[in-house]
>>> print(open('target_37.tsv').read())   # TSV, N, CA and C atoms
chain	number	residue	atom	x	y	z
A	1	MET	N	0.84	-1.17	0.00
A	1	MET	CA	0.00	0.00	0.00
A	1	MET	C	0.89	1.24	0.00
A	2	ALA	N	0.56	2.23	-0.78
A	2	ALA	CA	1.35	3.46	-0.89
A	2	ALA	C	1.10	4.37	0.30
A	3	ALA	N	2.15	5.06	0.70
A	3	ALA	CA	2.03	6.02	1.80
A	3	ALA	C	1.24	7.23	1.31
A	4	THR	N	0.47	7.82	2.22
A	4	THR	CA	-0.32	8.99	1.86
A	4	THR	C	-0.09	10.08	2.88
A	5	GLY	N	-0.56	11.28	2.55
A	5	GLY	CA	-0.51	12.40	3.50
A	5	GLY	C	0.87	13.00	3.62
A	6	ALA	N	1.08	13.69	4.75
A	6	ALA	CA	2.33	14.41	4.99
A	6	ALA	C	3.52	13.47	5.07
A	7	GLY	N	3.31	12.24	5.54
A	7	GLY	CA	4.41	11.29	5.65
A	7	GLY	C	5.01	10.97	4.29
A	8	ALA	N	4.16	10.86	3.28
A	8	ALA	CA	4.65	10.56	1.93
A	8	ALA	C	5.46	11.73	1.38
A	9	ALA	N	5.00	12.95	1.64
A	9	ALA	CA	5.72	14.13	1.17
A	9	ALA	C	7.07	14.25	1.86
A	10	ALA	N	7.11	13.94	3.13
A	10	ALA	CA	8.36	14.04	3.87
A	10	ALA	C	9.36	12.99	3.40
A	11	ALA	N	8.85	11.82	2.97
A	11	ALA	CA	9.73	10.74	2.54
A	11	ALA	C	10.26	10.96	1.12
A	12	ALA	N	9.53	11.73	0.32
A	12	ALA	CA	9.95	11.94	-1.07
A	12	ALA	C	11.19	12.84	-1.11
A	13	PRO	N	12.14	12.51	-1.98
A	13	PRO	CA	13.34	13.36	-2.07
A	13	PRO	C	12.97	14.74	-2.64
A	14	SER	N	13.70	15.75	-2.21
A	14	SER	CA	13.47	17.10	-2.70
A	14	SER	C	13.78	17.18	-4.19
A	15	ARG	N	13.06	18.04	-4.88
A	15	ARG	CA	13.35	18.27	-6.30
A	15	ARG	C	14.64	19.06	-6.39
A	16	LEU	N	15.53	18.61	-7.23
A	16	LEU	CA	16.81	19.27	-7.39
A	16	LEU	C	16.73	20.32	-8.50
A	17	VAL	N	17.41	21.42	-8.26
A	17	VAL	CA	17.42	22.54	-9.19
A	17	VAL	C	18.86	22.99	-9.37
A	18	GLN	N	19.20	23.35	-10.58
A	18	GLN	CA	20.48	24.01	-10.80
A	18	GLN	C	20.19	25.47	-11.12
A	19	TYR	N	20.66	26.35	-10.25
A	19	TYR	CA	20.50	27.79	-10.45
A	19	TYR	C	21.68	28.33	-11.23
A	20	VAL	N	21.38	29.19	-12.19
A	20	VAL	CA	22.39	29.89	-12.97
A	20	VAL	C	22.08	31.38	-12.82
A	21	VAL	N	23.07	32.17	-12.48
A	21	VAL	CA	22.88	33.61	-12.30
A	21	VAL	C	23.76	34.33	-13.31
A	22	VAL	N	23.11	35.12	-14.17
A	22	VAL	CA	23.77	35.80	-15.28
A	22	VAL	C	23.72	37.31	-15.05
A	23	ARG	N	24.80	37.98	-15.37
A	23	ARG	CA	24.82	39.45	-15.29
A	23	ARG	C	23.89	40.05	-16.34
A	24	ALA	N	22.88	40.78	-15.90
A	24	ALA	CA	21.93	41.41	-16.81
A	24	ALA	C	22.55	42.56	-17.58
A	25	ASP	N	23.55	43.21	-16.99
A	25	ASP	CA	24.15	44.36	-17.66
A	25	ASP	C	24.95	43.98	-18.90
A	26	LEU	N	25.29	42.71	-19.05
A	26	LEU	CA	26.02	42.30	-20.24
A	26	LEU	C	25.20	42.59	-21.49
A	27	VAL	N	23.90	42.36	-21.42
A	27	VAL	CA	23.02	42.61	-22.56
A	27	VAL	C	22.57	44.06	-22.58
A	28	ARG	N	22.12	44.54	-21.43
A	28	ARG	CA	21.47	45.86	-21.39
A	28	ARG	C	22.43	47.03	-21.55
A	29	GLN	N	23.54	47.03	-20.81
A	29	GLN	CA	24.45	48.18	-20.86
A	29	GLN	C	25.67	47.93	-21.75
A	30	LEU	N	26.16	46.70	-21.76
A	30	LEU	CA	27.40	46.42	-22.49
A	30	LEU	C	27.16	45.88	-23.90
A	31	SER	N	25.91	45.68	-24.25
A	31	SER	CA	25.49	45.26	-25.60
A	31	SER	C	26.13	43.96	-26.08
A	32	TRP	N	26.31	42.99	-25.18
A	32	TRP	CA	26.77	41.68	-25.61
A	32	TRP	C	25.65	41.02	-26.41
A	33	PRO	N	25.97	40.28	-27.44
A	33	PRO	CA	24.94	39.52	-28.15
A	33	PRO	C	24.32	38.48	-27.21
A	34	LEU	N	23.01	38.26	-27.34
A	34	LEU	CA	22.33	37.32	-26.46
A	34	LEU	C	22.95	35.92	-26.54
A	35	GLY	N	23.36	35.52	-27.73
A	35	GLY	CA	23.99	34.20	-27.88
A	35	GLY	C	25.27	34.07	-27.07
A	36	ALA	N	26.05	35.13	-26.99
A	36	ALA	CA	27.28	35.11	-26.20
A	36	ALA	C	26.97	34.98	-24.71
A	37	VAL	N	25.90	35.62	-24.27
A	37	VAL	CA	25.51	35.55	-22.85
A	37	VAL	C	24.99	34.15	-22.53
A	38	ILE	N	24.21	33.58	-23.43
A	38	ILE	CA	23.73	32.22	-23.22
A	38	ILE	C	24.90	31.25	-23.16
A	39	THR	N	25.90	31.47	-23.99
A	39	THR	CA	27.10	30.63	-23.98
A	39	THR	C	27.79	30.68	-22.62
A	40	GLN	N	27.87	31.86	-22.03
A	40	GLN	CA	28.48	32.00	-20.70
A	40	GLN	C	27.73	31.15	-19.67
A	41	ALA	N	26.40	31.21	-19.72
A	41	ALA	CA	25.58	30.43	-18.79
A	41	ALA	C	25.80	28.93	-18.99
A	42	CYS	N	25.90	28.52	-20.25
A	42	CYS	CA	26.17	27.10	-20.55
A	42	CYS	C	27.53	26.67	-20.00
A	43	HIS	N	28.54	27.52	-20.18
A	43	HIS	CA	29.87	27.21	-19.64
A	43	HIS	C	29.80	27.01	-18.12
A	44	ALA	N	29.15	27.94	-17.44
A	44	ALA	CA	29.08	27.88	-15.97
A	44	ALA	C	28.33	26.64	-15.50
A	45	ALA	N	27.19	26.35	-16.13
A	45	ALA	CA	26.39	25.19	-15.72
A	45	ALA	C	27.16	23.89	-15.94
A	46	THR	N	27.81	23.78	-17.09
A	46	THR	CA	28.60	22.57	-17.38
A	46	THR	C	29.76	22.43	-16.40
A	47	ALA	N	30.44	23.53	-16.13
A	47	ALA	CA	31.58	23.50	-15.19
A	47	ALA	C	31.13	23.10	-13.79
A	48	ALA	N	30.00	23.63	-13.34
A	48	ALA	CA	29.51	23.30	-11.99
A	48	ALA	C	29.18	21.81	-11.88
A	49	VAL	N	28.55	21.26	-12.91
A	49	VAL	CA	28.24	19.83	-12.91
A	49	VAL	C	29.54	19.02	-12.94
A	50	HIS	N	30.48	19.42	-13.78
A	50	HIS	CA	31.76	18.69	-13.87
A	50	HIS	C	32.51	18.72	-12.54
A	51	LEU	N	32.62	19.91	-11.93
A	51	LEU	CA	33.36	20.04	-10.67
A	51	LEU	C	32.74	19.24	-9.53
A	52	HIS	N	31.44	19.02	-9.59
A	52	HIS	CA	30.73	18.34	-8.50
A	52	HIS	C	30.06	17.06	-8.99
A	53	TYR	N	30.67	16.45	-9.99
A	53	TYR	CA	30.11	15.27	-10.63
A	53	TYR	C	29.86	14.12	-9.65
A	54	CYS	N	30.73	13.93	-8.70
A	54	CYS	CA	30.60	12.81	-7.76
A	54	CYS	C	29.66	13.11	-6.59
A	55	ASP	N	29.18	14.33	-6.49
A	55	ASP	CA	28.26	14.70	-5.43
A	55	ASP	C	26.94	13.92	-5.61
A	56	PRO	N	26.37	13.39	-4.53
A	56	PRO	CA	25.13	12.60	-4.65
A	56	PRO	C	23.98	13.38	-5.29
A	57	ASP	N	23.84	14.67	-4.96
A	57	ASP	CA	22.77	15.45	-5.58
A	57	ASP	C	22.99	15.61	-7.08
A	58	THR	N	24.23	15.82	-7.49
A	58	THR	CA	24.53	15.94	-8.91
A	58	THR	C	24.22	14.63	-9.62
A	59	GLN	N	24.59	13.52	-9.04
A	59	GLN	CA	24.31	12.23	-9.65
A	59	GLN	C	22.81	11.99	-9.78
A	60	ARG	N	22.06	12.34	-8.75
A	60	ARG	CA	20.60	12.17	-8.80
A	60	ARG	C	20.00	13.10	-9.87
A	61	TYR	N	20.53	14.31	-9.98
A	61	TYR	CA	20.07	15.28	-10.98
A	61	TYR	C	20.27	14.75	-12.40
A	62	LEU	N	21.37	14.06	-12.61
A	62	LEU	CA	21.72	13.56	-13.94
A	62	LEU	C	21.05	12.23	-14.29
A	63	GLU	N	20.39	11.61	-13.32
A	63	GLU	CA	19.74	10.32	-13.58
A	63	GLU	C	18.59	10.41	-14.57
A	64	ASP	N	17.93	11.56	-14.61
A	64	ASP	CA	16.76	11.72	-15.48
A	64	ASP	C	16.93	12.99	-16.32
A	65	LEU	N	17.72	12.89	-17.38
A	65	LEU	CA	18.07	14.05	-18.19
A	65	LEU	C	16.87	14.78	-18.76
A	66	ASP	N	15.80	14.07	-19.04
A	66	ASP	CA	14.63	14.71	-19.62
A	66	ASP	C	13.83	15.54	-18.62
A	67	HIS	N	14.19	15.48	-17.36
A	67	HIS	CA	13.46	16.22	-16.33
A	67	HIS	C	14.36	17.09	-15.47
A	68	MET	N	15.52	17.47	-16.01
A	68	MET	CA	16.39	18.39	-15.27
A	68	MET	C	15.65	19.71	-15.11
A	69	HIS	N	15.91	20.40	-14.01
A	69	HIS	CA	15.26	21.68	-13.75
A	69	HIS	C	16.34	22.73	-13.48
A	70	LYS	N	16.33	23.79	-14.30
A	70	LYS	CA	17.26	24.90	-14.12
A	70	LYS	C	16.45	26.17	-13.95
A	71	VAL	N	16.98	27.10	-13.17
A	71	VAL	CA	16.39	28.42	-13.02
A	71	VAL	C	17.49	29.42	-13.33
A	72	VAL	N	17.22	30.32	-14.27
A	72	VAL	CA	18.20	31.33	-14.66
A	72	VAL	C	17.76	32.68	-14.09
A	73	LEU	N	18.59	33.21	-13.22
A	73	LEU	CA	18.32	34.47	-12.55
A	73	LEU	C	19.26	35.55	-13.09
A	74	GLY	N	18.90	36.79	-12.87
A	74	GLY	CA	19.73	37.90	-13.32
A	74	GLY	C	20.33	38.65	-12.16
A	75	ALA	N	21.62	38.92	-12.25
A	75	ALA	CA	22.31	39.81	-11.30
A	75	ALA	C	22.49	41.14	-12.03
A	76	PRO	N	22.30	42.26	-11.34
A	76	PRO	CA	22.37	43.55	-12.02
A	76	PRO	C	23.70	43.86	-12.69
A	77	ASP	N	24.82	43.45	-12.04
A	77	ASP	CA	26.13	43.85	-12.56
A	77	ASP	C	27.23	42.97	-11.97
A	78	GLU	N	28.46	43.27	-12.35
A	78	GLU	CA	29.61	42.47	-11.89
A	78	GLU	C	29.75	42.48	-10.38
A	79	ALA	N	29.58	43.64	-9.76
A	79	ALA	CA	29.74	43.74	-8.30
A	79	ALA	C	28.74	42.85	-7.58
A	80	SER	N	27.49	42.85	-8.03
A	80	SER	CA	26.47	42.04	-7.36
A	80	SER	C	26.72	40.55	-7.60
A	81	LEU	N	27.20	40.19	-8.79
A	81	LEU	CA	27.52	38.79	-9.07
A	81	LEU	C	28.66	38.31	-8.17
A	82	CYS	N	29.70	39.10	-8.06
A	82	CYS	CA	30.85	38.73	-7.22
A	82	CYS	C	30.47	38.70	-5.74
A	83	SER	N	29.60	39.60	-5.32
A	83	SER	CA	29.11	39.61	-3.94
A	83	SER	C	28.30	38.34	-3.65
A	84	LEU	N	27.47	37.96	-4.61
A	84	LEU	CA	26.70	36.72	-4.46
A	84	LEU	C	27.64	35.52	-4.36
A	85	SER	N	28.65	35.48	-5.20
A	85	SER	CA	29.62	34.38	-5.15
A	85	SER	C	30.28	34.30	-3.77
A	86	ALA	N	30.65	35.46	-3.23
A	86	ALA	CA	31.27	35.48	-1.89
A	86	ALA	C	30.29	34.99	-0.83
A	87	SER	N	29.02	35.39	-0.94
A	87	SER	CA	28.00	34.95	0.02
A	87	SER	C	27.77	33.45	-0.07
A	88	LEU	N	27.74	32.93	-1.29
A	88	LEU	CA	27.57	31.49	-1.47
A	88	LEU	C	28.75	30.73	-0.89
A	89	THR	N	29.95	31.22	-1.13
A	89	THR	CA	31.14	30.59	-0.58
A	89	THR	C	31.09	30.58	0.94
A	90	GLN	N	30.73	31.72	1.52
A	90	GLN	CA	30.65	31.83	2.98
A	90	GLN	C	29.60	30.87	3.55
A	91	ALA	N	28.51	30.67	2.82
A	91	ALA	CA	27.45	29.76	3.27
A	91	ALA	C	27.74	28.30	2.95
A	92	GLY	N	28.86	28.04	2.28
A	92	GLY	CA	29.23	26.66	1.95
A	92	GLY	C	28.45	26.09	0.77
A	93	VAL	N	27.93	26.95	-0.10
A	93	VAL	CA	27.16	26.49	-1.26
A	93	VAL	C	28.10	26.33	-2.45
A	94	ALA	N	28.20	25.11	-2.95
A	94	ALA	CA	29.09	24.82	-4.06
A	94	ALA	C	28.58	25.47	-5.35
A	95	HIS	N	29.48	26.18	-6.02
A	95	HIS	CA	29.13	26.85	-7.26
A	95	HIS	C	30.40	27.13	-8.06
A	96	LYS	N	30.19	27.56	-9.29
A	96	LYS	CA	31.30	27.95	-10.15
A	96	LYS	C	31.04	29.35	-10.66
A	97	LEU	N	31.92	30.28	-10.32
A	97	LEU	CA	31.88	31.62	-10.88
A	97	LEU	C	32.60	31.55	-12.22
A	98	TRP	N	31.89	31.82	-13.31
A	98	TRP	CA	32.50	31.75	-14.63
A	98	TRP	C	33.14	33.09	-14.95
A	99	VAL	N	34.43	33.06	-15.24
A	99	VAL	CA	35.18	34.27	-15.59
A	99	VAL	C	35.67	34.09	-17.02
A	100	GLU	N	35.13	34.89	-17.91
A	100	GLU	CA	35.48	34.77	-19.33
A	100	GLU	C	36.93	35.20	-19.54
A	101	GLN	N	37.66	34.36	-20.28
A	101	GLN	CA	39.05	34.61	-20.59
A	101	GLN	C	39.21	34.84	-22.08
A	102	PRO	N	40.14	35.60	-22.53
A	102	PRO	CA	41.25	36.19	-21.76
A	102	PRO	C	40.90	37.55	-21.14
A	103	GLU	N	39.63	37.97	-21.28
A	103	GLU	CA	39.25	39.30	-20.79
A	103	GLU	C	39.21	39.40	-19.27
A	104	ASN	N	39.11	38.23	-18.60
A	104	ASN	CA	39.04	38.17	-17.13
A	104	ASN	C	37.79	38.88	-16.59
A	105	ILE	N	36.64	38.62	-17.24
A	105	ILE	CA	35.38	39.26	-16.88
A	105	ILE	C	34.46	38.22	-16.24
A	106	PRO	N	34.10	38.40	-14.94
A	106	PRO	CA	33.08	37.51	-14.35
A	106	PRO	C	31.74	37.75	-15.05
A	107	THR	N	31.17	36.71	-15.62
A	107	THR	CA	29.94	36.87	-16.40
A	107	THR	C	28.72	36.21	-15.77
A	108	CYS	N	28.92	35.12	-15.07
A	108	CYS	CA	27.80	34.41	-14.47
A	108	CYS	C	28.33	33.38	-13.48
A	109	LEU	N	27.41	32.77	-12.78
A	109	LEU	CA	27.79	31.66	-11.91
A	109	LEU	C	26.70	30.62	-11.97
A	110	ALA	N	27.07	29.39	-11.64
A	110	ALA	CA	26.10	28.30	-11.58
A	110	ALA	C	26.35	27.51	-10.31
A	111	LEU	N	25.28	27.18	-9.63
A	111	LEU	CA	25.36	26.34	-8.45
A	111	LEU	C	25.34	24.89	-8.90
A	112	LYS	N	25.90	24.02	-8.09
A	112	LYS	CA	25.73	22.60	-8.37
A	112	LYS	C	24.26	22.28	-8.14
A	113	PRO	N	23.73	21.26	-8.76
A	113	PRO	CA	22.34	20.90	-8.50
A	113	PRO	C	22.13	20.64	-7.00
A	114	CYS	N	21.05	21.22	-6.46
A	114	CYS	CA	20.78	21.09	-5.04
A	114	CYS	C	19.30	21.28	-4.77
A	115	PRO	N	18.83	20.89	-3.59
A	115	PRO	CA	17.42	21.12	-3.25
A	115	PRO	C	17.13	22.62	-3.22
A	116	LYS	N	16.03	22.99	-3.84
A	116	LYS	CA	15.64	24.39	-3.95
A	116	LYS	C	15.63	25.08	-2.58
A	117	GLU	N	15.03	24.44	-1.61
A	117	GLU	CA	14.88	25.06	-0.29
A	117	GLU	C	16.22	25.30	0.42
A	118	ALA	N	17.26	24.60	-0.01
A	118	ALA	CA	18.57	24.76	0.62
A	118	ALA	C	19.25	26.07	0.22
A	119	VAL	N	18.92	26.60	-0.95
A	119	VAL	CA	19.62	27.79	-1.44
A	119	VAL	C	18.71	28.97	-1.75
A	120	GLN	N	17.42	28.75	-1.82
A	120	GLN	CA	16.50	29.82	-2.19
A	120	GLN	C	16.64	31.06	-1.31
A	121	PRO	N	16.86	30.94	0.01
A	121	PRO	CA	17.02	32.15	0.81
A	121	PRO	C	18.21	33.03	0.37
A	122	LEU	N	19.25	32.43	-0.17
A	122	LEU	CA	20.41	33.19	-0.62
A	122	LEU	C	20.17	33.87	-1.97
A	123	LEU	N	19.15	33.41	-2.69
A	123	LEU	CA	18.89	33.91	-4.04
A	123	LEU	C	17.60	34.72	-4.13
A	124	ARG	N	16.89	34.87	-3.04
A	124	ARG	CA	15.54	35.44	-3.07
A	124	ARG	C	15.47	36.86	-3.59
A	125	LYS	N	16.54	37.62	-3.54
A	125	LYS	CA	16.52	39.01	-4.02
A	125	LYS	C	16.66	39.10	-5.54
A	126	LEU	N	17.01	38.01	-6.18
A	126	LEU	CA	17.22	38.01	-7.63
A	126	LEU	C	15.94	37.66	-8.37
A	127	GLN	N	15.78	38.22	-9.55
A	127	GLN	CA	14.62	37.93	-10.38
A	127	GLN	C	15.05	37.06	-11.54
A	128	LEU	N	14.06	36.47	-12.20
A	128	LEU	CA	14.36	35.68	-13.39
A	128	LEU	C	15.07	36.55	-14.42
A	129	PHE	N	16.03	35.96	-15.11
A	129	PHE	CA	16.76	36.70	-16.15
A	129	PHE	C	15.81	36.98	-17.31
A	130	LYS	N	15.83	38.23	-17.77
A	130	LYS	CA	14.95	38.62	-18.89
A	130	LYS	C	15.80	39.12	-20.03
>>> encode(input="target_37.tsv", output="structure tokens")
Amino acid sequence: MAATGAGAAAAAPSRLVQYVVVRADLVRQLSWPLGAVITQACHAATAAVHLHYCDPDTQRYLEDLDHMHKVVLGAPDEASLCSLSASLTQAGVAHKLWVEQPENIPTCLALKPCPKEAVQPLLRKLQLFK
């Protein structure tokens, strides 16, 4: 017989999400092509998964490729992106700050896949990237 009610919800594993945070000013103020900005996000997401490949949450995230869940948020500028990276580091949240080379420009960051509720408080001030 299947479990029902709150007990079933508590027993179910949390949905894993990979958050990607992209600098909004790259498009709006610095006139980067949208494709270049998307490429930065792809680099960061791939790097975060690679760096944390053996992590149990990452492995669980990769088990069902057709149902991966990503949320792309926007940071206003370089200072806010770097500040977020420092806050994530201080909180022990694994992530990859992507710094485009050879220009040495921080463009975005990606968290390793993790339960939404574990990191949402650190990201709550950010809006979806537009």
>>> select_by_dssp(input="target_37.tsv", residues="chain A", states="strand (DSSP E)", output="ChimeraX atom specification")
/A:16-23,70-75,95-100,105-111,114-115,127-128
>>> write_last_selection(input="target_37.tsv", atoms="N, CA and C atoms", output="mmCIF file, in the coordinates of the input")
data_model
loop_
_atom_site.group_PDB
_atom_site.id
_atom_site.type_symbol
_atom_site.label_atom_id
_atom_site.label_comp_id
_atom_site.auth_asym_id
_atom_site.auth_seq_id
_atom_site.Cartn_x
_atom_site.Cartn_y
_atom_site.Cartn_z
ATOM 1 N N LEU A 16 15.530 18.610 -7.230
ATOM 2 C CA LEU A 16 16.810 19.270 -7.390
ATOM 3 C C LEU A 16 16.730 20.320 -8.500
ATOM 4 N N VAL A 17 17.410 21.420 -8.260
ATOM 5 C CA VAL A 17 17.420 22.540 -9.190
ATOM 6 C C VAL A 17 18.860 22.990 -9.370
ATOM 7 N N GLN A 18 19.200 23.350 -10.580
ATOM 8 C CA GLN A 18 20.480 24.010 -10.800
ATOM 9 C C GLN A 18 20.190 25.470 -11.120
ATOM 10 N N TYR A 19 20.660 26.350 -10.250
ATOM 11 C CA TYR A 19 20.500 27.790 -10.450
ATOM 12 C C TYR A 19 21.680 28.330 -11.230
ATOM 13 N N VAL A 20 21.380 29.190 -12.190
ATOM 14 C CA VAL A 20 22.390 29.890 -12.970
ATOM 15 C C VAL A 20 22.080 31.380 -12.820
ATOM 16 N N VAL A 21 23.070 32.170 -12.480
ATOM 17 C CA VAL A 21 22.880 33.610 -12.300
ATOM 18 C C VAL A 21 23.760 34.330 -13.310
ATOM 19 N N VAL A 22 23.110 35.120 -14.170
ATOM 20 C CA VAL A 22 23.770 35.800 -15.280
ATOM 21 C C VAL A 22 23.720 37.310 -15.050
ATOM 22 N N ARG A 23 24.800 37.980 -15.370
ATOM 23 C CA ARG A 23 24.820 39.450 -15.290
ATOM 24 C C ARG A 23 23.890 40.050 -16.340
ATOM 25 N N LYS A 70 16.330 23.790 -14.300
ATOM 26 C CA LYS A 70 17.260 24.900 -14.120
ATOM 27 C C LYS A 70 16.450 26.170 -13.950
ATOM 28 N N VAL A 71 16.980 27.100 -13.170
ATOM 29 C CA VAL A 71 16.390 28.420 -13.020
ATOM 30 C C VAL A 71 17.490 29.420 -13.330
ATOM 31 N N VAL A 72 17.220 30.320 -14.270
ATOM 32 C CA VAL A 72 18.200 31.330 -14.660
ATOM 33 C C VAL A 72 17.760 32.680 -14.090
ATOM 34 N N LEU A 73 18.590 33.210 -13.220
ATOM 35 C CA LEU A 73 18.320 34.470 -12.550
ATOM 36 C C LEU A 73 19.260 35.550 -13.090
ATOM 37 N N GLY A 74 18.900 36.790 -12.870
ATOM 38 C CA GLY A 74 19.730 37.900 -13.320
ATOM 39 C C GLY A 74 20.330 38.650 -12.160
ATOM 40 N N ALA A 75 21.620 38.920 -12.250
ATOM 41 C CA ALA A 75 22.310 39.810 -11.300
ATOM 42 C C ALA A 75 22.490 41.140 -12.030
ATOM 43 N N HIS A 95 29.480 26.180 -6.020
ATOM 44 C CA HIS A 95 29.130 26.850 -7.260
ATOM 45 C C HIS A 95 30.400 27.130 -8.060
ATOM 46 N N LYS A 96 30.190 27.560 -9.290
ATOM 47 C CA LYS A 96 31.300 27.950 -10.150
ATOM 48 C C LYS A 96 31.040 29.350 -10.660
ATOM 49 N N LEU A 97 31.920 30.280 -10.320
ATOM 50 C CA LEU A 97 31.880 31.620 -10.880
ATOM 51 C C LEU A 97 32.600 31.550 -12.220
ATOM 52 N N TRP A 98 31.890 31.820 -13.310
ATOM 53 C CA TRP A 98 32.500 31.750 -14.630
ATOM 54 C C TRP A 98 33.140 33.090 -14.950
ATOM 55 N N VAL A 99 34.430 33.060 -15.240
ATOM 56 C CA VAL A 99 35.180 34.270 -15.590
ATOM 57 C C VAL A 99 35.670 34.090 -17.020
ATOM 58 N N GLU A 100 35.130 34.890 -17.910
ATOM 59 C CA GLU A 100 35.480 34.770 -19.330
ATOM 60 C C GLU A 100 36.930 35.200 -19.540
ATOM 61 N N ILE A 105 36.640 38.620 -17.240
ATOM 62 C CA ILE A 105 35.380 39.260 -16.880
ATOM 63 C C ILE A 105 34.460 38.220 -16.240
ATOM 64 N N PRO A 106 34.100 38.400 -14.940
ATOM 65 C CA PRO A 106 33.080 37.510 -14.350
ATOM 66 C C PRO A 106 31.740 37.750 -15.050
ATOM 67 N N THR A 107 31.170 36.710 -15.620
ATOM 68 C CA THR A 107 29.940 36.870 -16.400
ATOM 69 C C THR A 107 28.720 36.210 -15.770
ATOM 70 N N CYS A 108 28.920 35.120 -15.070
ATOM 71 C CA CYS A 108 27.800 34.410 -14.470
ATOM 72 C C CYS A 108 28.330 33.380 -13.480
ATOM 73 N N LEU A 109 27.410 32.770 -12.780
ATOM 74 C CA LEU A 109 27.790 31.660 -11.910
ATOM 75 C C LEU A 109 26.700 30.620 -11.970
ATOM 76 N N ALA A 110 27.070 29.390 -11.640
ATOM 77 C CA ALA A 110 26.100 28.300 -11.580
ATOM 78 C C ALA A 110 26.350 27.510 -10.310
ATOM 79 N N LEU A 111 25.280 27.180 -9.630
ATOM 80 C CA LEU A 111 25.360 26.340 -8.450
ATOM 81 C C LEU A 111 25.340 24.890 -8.900
ATOM 82 N N CYS A 114 21.050 21.220 -6.460
ATOM 83 C CA CYS A 114 20.780 21.090 -5.040
ATOM 84 C C CYS A 114 19.300 21.280 -4.770
ATOM 85 N N PRO A 115 18.830 20.890 -3.590
ATOM 86 C CA PRO A 115 17.420 21.120 -3.250
ATOM 87 C C PRO A 115 17.130 22.620 -3.220
ATOM 88 N N GLN A 127 15.780 38.220 -9.550
ATOM 89 C CA GLN A 127 14.620 37.930 -10.380
ATOM 90 C C GLN A 127 15.050 37.060 -11.540
ATOM 91 N N LEU A 128 14.060 36.470 -12.200
ATOM 92 C CA LEU A 128 14.360 35.680 -13.390
ATOM 93 C C LEU A 128 15.070 36.550 -14.420
#
>>> select_by_dssp(input="target_37.tsv", residues="range 6-127 of chain A", states="helix (DSSP H, G or I)", output="PyMOL selection string")
chain A and resi 6-11+25-28+34-51+56-62+65-67+78-90+116-123
>>> closest_residue(input="target_37.tsv", among="A:Val37, A:Lys125, A:Glu63, A:Gln18", to="Glu100 in chain A", atoms="only C-alpha atoms")
A:Val37
>>> residues_around(input="target_37.tsv", residues="Ala44 in chain A", least_positions_apart="3", cutoff="8 Å", atoms="only N, CA and C atoms", output="MDAnalysis selection string")
chainID A and resid 20 38:41 47:50 95:99 108:111
>>> write_last_selection(input="target_37.tsv", atoms="N, CA and C atoms", output="JSON list (two decimals), in the coordinates of the input")
[["chain", "number", "residue", "atom", "x", "y", "z"],
["A", 20, "VAL", "N", 21.38, 29.19, -12.19],
["A", 20, "VAL", "CA", 22.39, 29.89, -12.97],
["A", 20, "VAL", "C", 22.08, 31.38, -12.82],
["A", 38, "ILE", "N", 24.21, 33.58, -23.43],
["A", 38, "ILE", "CA", 23.73, 32.22, -23.22],
["A", 38, "ILE", "C", 24.90, 31.25, -23.16],
["A", 39, "THR", "N", 25.90, 31.47, -23.99],
["A", 39, "THR", "CA", 27.10, 30.63, -23.98],
["A", 39, "THR", "C", 27.79, 30.68, -22.62],
["A", 40, "GLN", "N", 27.87, 31.86, -22.03],
["A", 40, "GLN", "CA", 28.48, 32.00, -20.70],
["A", 40, "GLN", "C", 27.73, 31.15, -19.67],
["A", 41, "ALA", "N", 26.40, 31.21, -19.72],
["A", 41, "ALA", "CA", 25.58, 30.43, -18.79],
["A", 41, "ALA", "C", 25.80, 28.93, -18.99],
["A", 47, "ALA", "N", 30.44, 23.53, -16.13],
["A", 47, "ALA", "CA", 31.58, 23.50, -15.19],
["A", 47, "ALA", "C", 31.13, 23.10, -13.79],
["A", 48, "ALA", "N", 30.00, 23.63, -13.34],
["A", 48, "ALA", "CA", 29.51, 23.30, -11.99],
["A", 48, "ALA", "C", 29.18, 21.81, -11.88],
["A", 49, "VAL", "N", 28.55, 21.26, -12.91],
["A", 49, "VAL", "CA", 28.24, 19.83, -12.91],
["A", 49, "VAL", "C", 29.54, 19.02, -12.94],
["A", 50, "HIS", "N", 30.48, 19.42, -13.78],
["A", 50, "HIS", "CA", 31.76, 18.69, -13.87],
["A", 50, "HIS", "C", 32.51, 18.72, -12.54],
["A", 95, "HIS", "N", 29.48, 26.18, -6.02],
["A", 95, "HIS", "CA", 29.13, 26.85, -7.26],
["A", 95, "HIS", "C", 30.40, 27.13, -8.06],
["A", 96, "LYS", "N", 30.19, 27.56, -9.29],
["A", 96, "LYS", "CA", 31.30, 27.95, -10.15],
["A", 96, "LYS", "C", 31.04, 29.35, -10.66],
["A", 97, "LEU", "N", 31.92, 30.28, -10.32],
["A", 97, "LEU", "CA", 31.88, 31.62, -10.88],
["A", 97, "LEU", "C", 32.60, 31.55, -12.22],
["A", 98, "TRP", "N", 31.89, 31.82, -13.31],
["A", 98, "TRP", "CA", 32.50, 31.75, -14.63],
["A", 98, "TRP", "C", 33.14, 33.09, -14.95],
["A", 99, "VAL", "N", 34.43, 33.06, -15.24],
["A", 99, "VAL", "CA", 35.18, 34.27, -15.59],
["A", 99, "VAL", "C", 35.67, 34.09, -17.02],
["A", 108, "CYS", "N", 28.92, 35.12, -15.07],
["A", 108, "CYS", "CA", 27.80, 34.41, -14.47],
["A", 108, "CYS", "C", 28.33, 33.38, -13.48],
["A", 109, "LEU", "N", 27.41, 32.77, -12.78],
["A", 109, "LEU", "CA", 27.79, 31.66, -11.91],
["A", 109, "LEU", "C", 26.70, 30.62, -11.97],
["A", 110, "ALA", "N", 27.07, 29.39, -11.64],
["A", 110, "ALA", "CA", 26.10, 28.30, -11.58],
["A", 110, "ALA", "C", 26.35, 27.51, -10.31],
["A", 111, "LEU", "N", 25.28, 27.18, -9.63],
["A", 111, "LEU", "CA", 25.36, 26.34, -8.45],
["A", 111, "LEU", "C", 25.34, 24.89, -8.90]]
>>> atom_distance(input="target_37.tsv", atom1="atom N of Val22 in chain A", atom2="atom C of Asp77 in chain A")
9.1 Å
